[in-house]
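Here the structure is laid out as structure tokens; the discussion comes afterwards.
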Amino acid sequence: IDLDHMILPDSITLGGTVLALVTATVRGLSWKEAILGAFIGFVVVWLPFIGMYKLIRGRPGMGLGDAKLLLLAGAWIRWDGALFSLFAGAVQGTIAAAIIFLVKGKIDEPASVKADREELEKLAKEGDTEAQQALDEDPVGAPPEDGFTQARIPFGPFIILGCYEYLLAGPFIVGFIEKYLMGGTGSL
């Protein structure tokens, strides 16, 4: 898998969300569950990592594509599946970043991110206001700062991995965590 060229197009994230909402009852979910899942999936990324982070640091901490991907996940697998996917993706993304850092001694900015920023900068210099807005509002608008915590890796593939894990073994994983790691009963 070439992680440098993974993108989250609106035709998939938003189109897939609409499809999930329209087919909710066919899949055994109520429309309320699908809408609530989509809402929570979006807000759990947008509010802290885009909205609040921008207020604090002057730029968003994550791209809007990740919020749209969790909107999609929530519409398909409810709010608990979206939260599971976010948490599992964050854990696995952190582990992957740590391994890359240990092996290479640094985490390079993905080539596609750098190319996107250069293209947006070119268009903005030519007077394209949408390109300038994208540079101002998206984390890719500025080169990453030095340090491990400033590294950029695509998060979407890890969210998708979390979705698959939830679909294939979510109740088992949650029960295991509750029983053995949290000291609970292990029941869902």
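Residues are referred to by chain and number: the chain letter is A, B, ... according to the order shown in the structure tokens, the number counts from 1 in that chain, and ligands are numbered separately from 1 in the order shown.
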message = Using DSSP assignments from the backbone, pull out every residue in region 18-66 of chain A that falls under helix (DSSP H, G or I) and give it to me as number ranges by chain.
response = A: 18-22, 31-57, 64-66
key: Close residues, Leu71 (chain A) itself excluded, 10 Å, only C-alpha atoms, min 4 positions apart in chain, as a count of residues only   = 24
key: Nearby residues (only C-alpha atoms) at most 9 Å from Arg152 (chain A), same-chain spacing under 6 positions excluded, as a ChimeraX atom specification   = /A:97,107-110,113,140,144
Put those residues in a file: all heavy atoms, as a PDB file, in the first residue's frame.
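What landed in again13.pdb:
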```
ATOM      1  N   ALA A  97       3.891   5.060  13.501  1.00  0.00           N
ATOM      2  CA  ALA A  97       4.780   6.231  13.487  1.00  0.00           C
ATOM      3  C   ALA A  97       6.022   5.969  14.338  1.00  0.00           C
ATOM      4  O   ALA A  97       7.143   6.331  13.944  1.00  0.00           O
ATOM      5  CB  ALA A  97       4.038   7.468  13.979  1.00  0.00           C
ATOM      6  N   ILE A 107      10.468  10.980  10.500  1.00  0.00           N
ATOM      7  CA  ILE A 107       9.286  10.673   9.705  1.00  0.00           C
ATOM      8  C   ILE A 107       9.183  11.756   8.648  1.00  0.00           C
ATOM      9  O   ILE A 107       8.973  12.926   8.954  1.00  0.00           O
ATOM     10  CB  ILE A 107       8.014  10.626  10.566  1.00  0.00           C
ATOM     11  CG1 ILE A 107       8.133   9.530  11.618  1.00  0.00           C
ATOM     12  CG2 ILE A 107       6.791  10.418   9.685  1.00  0.00           C
ATOM     13  CD1 ILE A 107       6.981   9.455  12.584  1.00  0.00           C
ATOM     14  N   ASP A 108       9.403  11.346   7.407  1.00  0.00           N
ATOM     15  CA  ASP A 108       9.346  12.295   6.300  1.00  0.00           C
ATOM     16  C   ASP A 108       7.899  12.681   6.005  1.00  0.00           C
ATOM     17  O   ASP A 108       6.995  11.863   6.129  1.00  0.00           O
ATOM     18  CB  ASP A 108       9.958  11.685   5.036  1.00  0.00           C
ATOM     19  CG  ASP A 108      11.446  11.397   5.182  1.00  0.00           C
ATOM     20  OD1 ASP A 108      12.141  12.218   5.813  1.00  0.00           O
ATOM     21  OD2 ASP A 108      11.898  10.354   4.681  1.00  0.00           O
ATOM     22  N   GLU A 109       7.742  13.924   5.609  1.00  0.00           N
ATOM     23  CA  GLU A 109       6.424  14.366   5.158  1.00  0.00           C
ATOM     24  C   GLU A 109       6.091  13.603   3.877  1.00  0.00           C
ATOM     25  O   GLU A 109       6.936  13.481   2.991  1.00  0.00           O
ATOM     26  CB  GLU A 109       6.449  15.869   4.890  1.00  0.00           C
ATOM     27  CG  GLU A 109       5.120  16.417   4.440  1.00  0.00           C
ATOM     28  CD  GLU A 109       5.136  17.912   4.216  1.00  0.00           C
ATOM     29  OE1 GLU A 109       6.165  18.442   3.740  1.00  0.00           O
ATOM     30  OE2 GLU A 109       4.128  18.544   4.522  1.00  0.00           O
ATOM     31  N   PRO A 110       4.864  13.071   3.776  1.00  0.00           N
ATOM     32  CA  PRO A 110       4.507  12.347   2.553  1.00  0.00           C
ATOM     33  C   PRO A 110       4.690  13.218   1.312  1.00  0.00           C
ATOM     34  O   PRO A 110       4.368  14.407   1.313  1.00  0.00           O
ATOM     35  CB  PRO A 110       3.030  11.995   2.772  1.00  0.00           C
ATOM     36  CG  PRO A 110       2.865  11.989   4.265  1.00  0.00           C
ATOM     37  CD  PRO A 110       3.801  13.051   4.770  1.00  0.00           C
ATOM     38  N   VAL A 113       1.635  15.081   0.109  1.00  0.00           N
ATOM     39  CA  VAL A 113       1.282  16.259   0.910  1.00  0.00           C
ATOM     40  C   VAL A 113       2.123  17.457   0.468  1.00  0.00           C
ATOM     41  O   VAL A 113       1.605  18.560   0.279  1.00  0.00           O
ATOM     42  CB  VAL A 113       1.466  15.982   2.423  1.00  0.00           C
ATOM     43  CG1 VAL A 113       1.316  17.250   3.247  1.00  0.00           C
ATOM     44  CG2 VAL A 113       0.487  14.916   2.883  1.00  0.00           C
ATOM     45  N   VAL A 140      -1.970  20.808   5.907  1.00  0.00           N
ATOM     46  CA  VAL A 140      -0.922  20.682   4.896  1.00  0.00           C
ATOM     47  C   VAL A 140      -0.482  22.038   4.367  1.00  0.00           C
ATOM     48  O   VAL A 140       0.461  22.124   3.592  1.00  0.00           O
ATOM     49  CB  VAL A 140      -1.349  19.782   3.713  1.00  0.00           C
ATOM     50  CG1 VAL A 140      -1.735  18.415   4.186  1.00  0.00           C
ATOM     51  CG2 VAL A 140      -2.439  20.408   2.890  1.00  0.00           C
ATOM     52  N   PRO A 144       5.716  20.878   8.033  1.00  0.00           N
ATOM     53  CA  PRO A 144       5.699  20.438   9.432  1.00  0.00           C
ATOM     54  C   PRO A 144       6.875  21.019  10.206  1.00  0.00           C
ATOM     55  O   PRO A 144       7.945  21.264   9.653  1.00  0.00           O
ATOM     56  CB  PRO A 144       5.810  18.911   9.336  1.00  0.00           C
ATOM     57  CG  PRO A 144       6.471  18.669   8.021  1.00  0.00           C
ATOM     58  CD  PRO A 144       6.032  19.783   7.121  1.00  0.00           C
TER      59      PRO A 144
END
```
task = Write out as a ChimeraX atom specification which residues come within 8 Å of Cys163 (chain A) when counting only C-alpha atoms, dropping same-chain ones fewer than 5 positions away.
result = /A:73,81-82,84-85
query = How many Å separate CA of Pro143 (chain A) from CA of Leu8 (chain A)?
reply =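 Computing the Euclidean distance for CA of Pro143 (chain A) and CA of Leu8 (chain A) yields 20.3 Å.
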request  = Could you tell me which of A:Ala88, A:Leu120, A:Ile173, A:Leu29 comes closest to Asp138 (chain A) if we count only C-alpha atoms?
outcome  = A:Leu120
ask   = Of the residues A:Ile153, A:Trp31, A:Ala24, A:Asp10, which is the one nearest to Ile95 (chain A), using only C-alpha atoms?
value =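 Looking only at the distances to Ile95 (chain A), the closest residue turns out to be A:Ile153.
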For Gly61 (chain A): contacts at 6 Å, only C-alpha atoms, fewer than 2 positions along chain excluded, given as a PyMOL selection string = chain A and resi 49-50+53
For Ile160 (chain A): contacts at 10 Å, only C-alpha atoms, fewer than 3 positions along chain excluded, given as an mmCIF file with C-alpha atoms, in the first residue's frame:
```
data_model
loop_
_atom_site.group_PDB
_atom_site.id
_atom_site.type_symbol
_atom_site.label_atom_id
_atom_site.label_comp_id
_atom_site.auth_asym_id
_atom_site.auth_seq_id
_atom_site.Cartn_x
_atom_site.Cartn_y
_atom_site.Cartn_z
ATOM 1 C CA LEU A 69 -14.360 9.543 7.055
ATOM 2 C CA LEU A 70 -15.658 9.147 10.607
ATOM 3 C CA ALA A 73 -18.112 5.250 9.576
ATOM 4 C CA SER A 85 -12.414 3.129 14.754
ATOM 5 C CA LEU A 86 -10.989 6.477 15.870
ATOM 6 C CA ALA A 88 -8.044 1.894 17.247
ATOM 7 C CA GLY A 89 -6.749 4.042 14.373
ATOM 8 C CA PHE A 155 -4.531 8.864 9.321
ATOM 9 C CA GLY A 156 -7.325 7.671 7.021
ATOM 10 C CA PRO A 157 -5.857 4.192 6.433
ATOM 11 C CA CYS A 163 -13.537 0.102 10.950
ATOM 12 C CA TYR A 164 -12.632 -3.335 9.606
ATOM 13 C CA GLU A 165 -11.561 -4.479 13.062
ATOM 14 C CA TYR A 166 -14.849 -3.270 14.516
#
```
key: Minimum-distance residue to Leu167 (chain A), chosen among A:Gly63, A:Ile77, A:Lys122, A:Lys104 (using only C-alpha atoms)   =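 Using only C-alpha atoms, the shortest distance to Leu167 (chain A) belongs to A:Ile77.
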task = Report the distance between CA of Asp80 (chain A) and CA of Arg27 (chain A) in Å, rounded to one decimal place.
result =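 The value is 16.2 Å.
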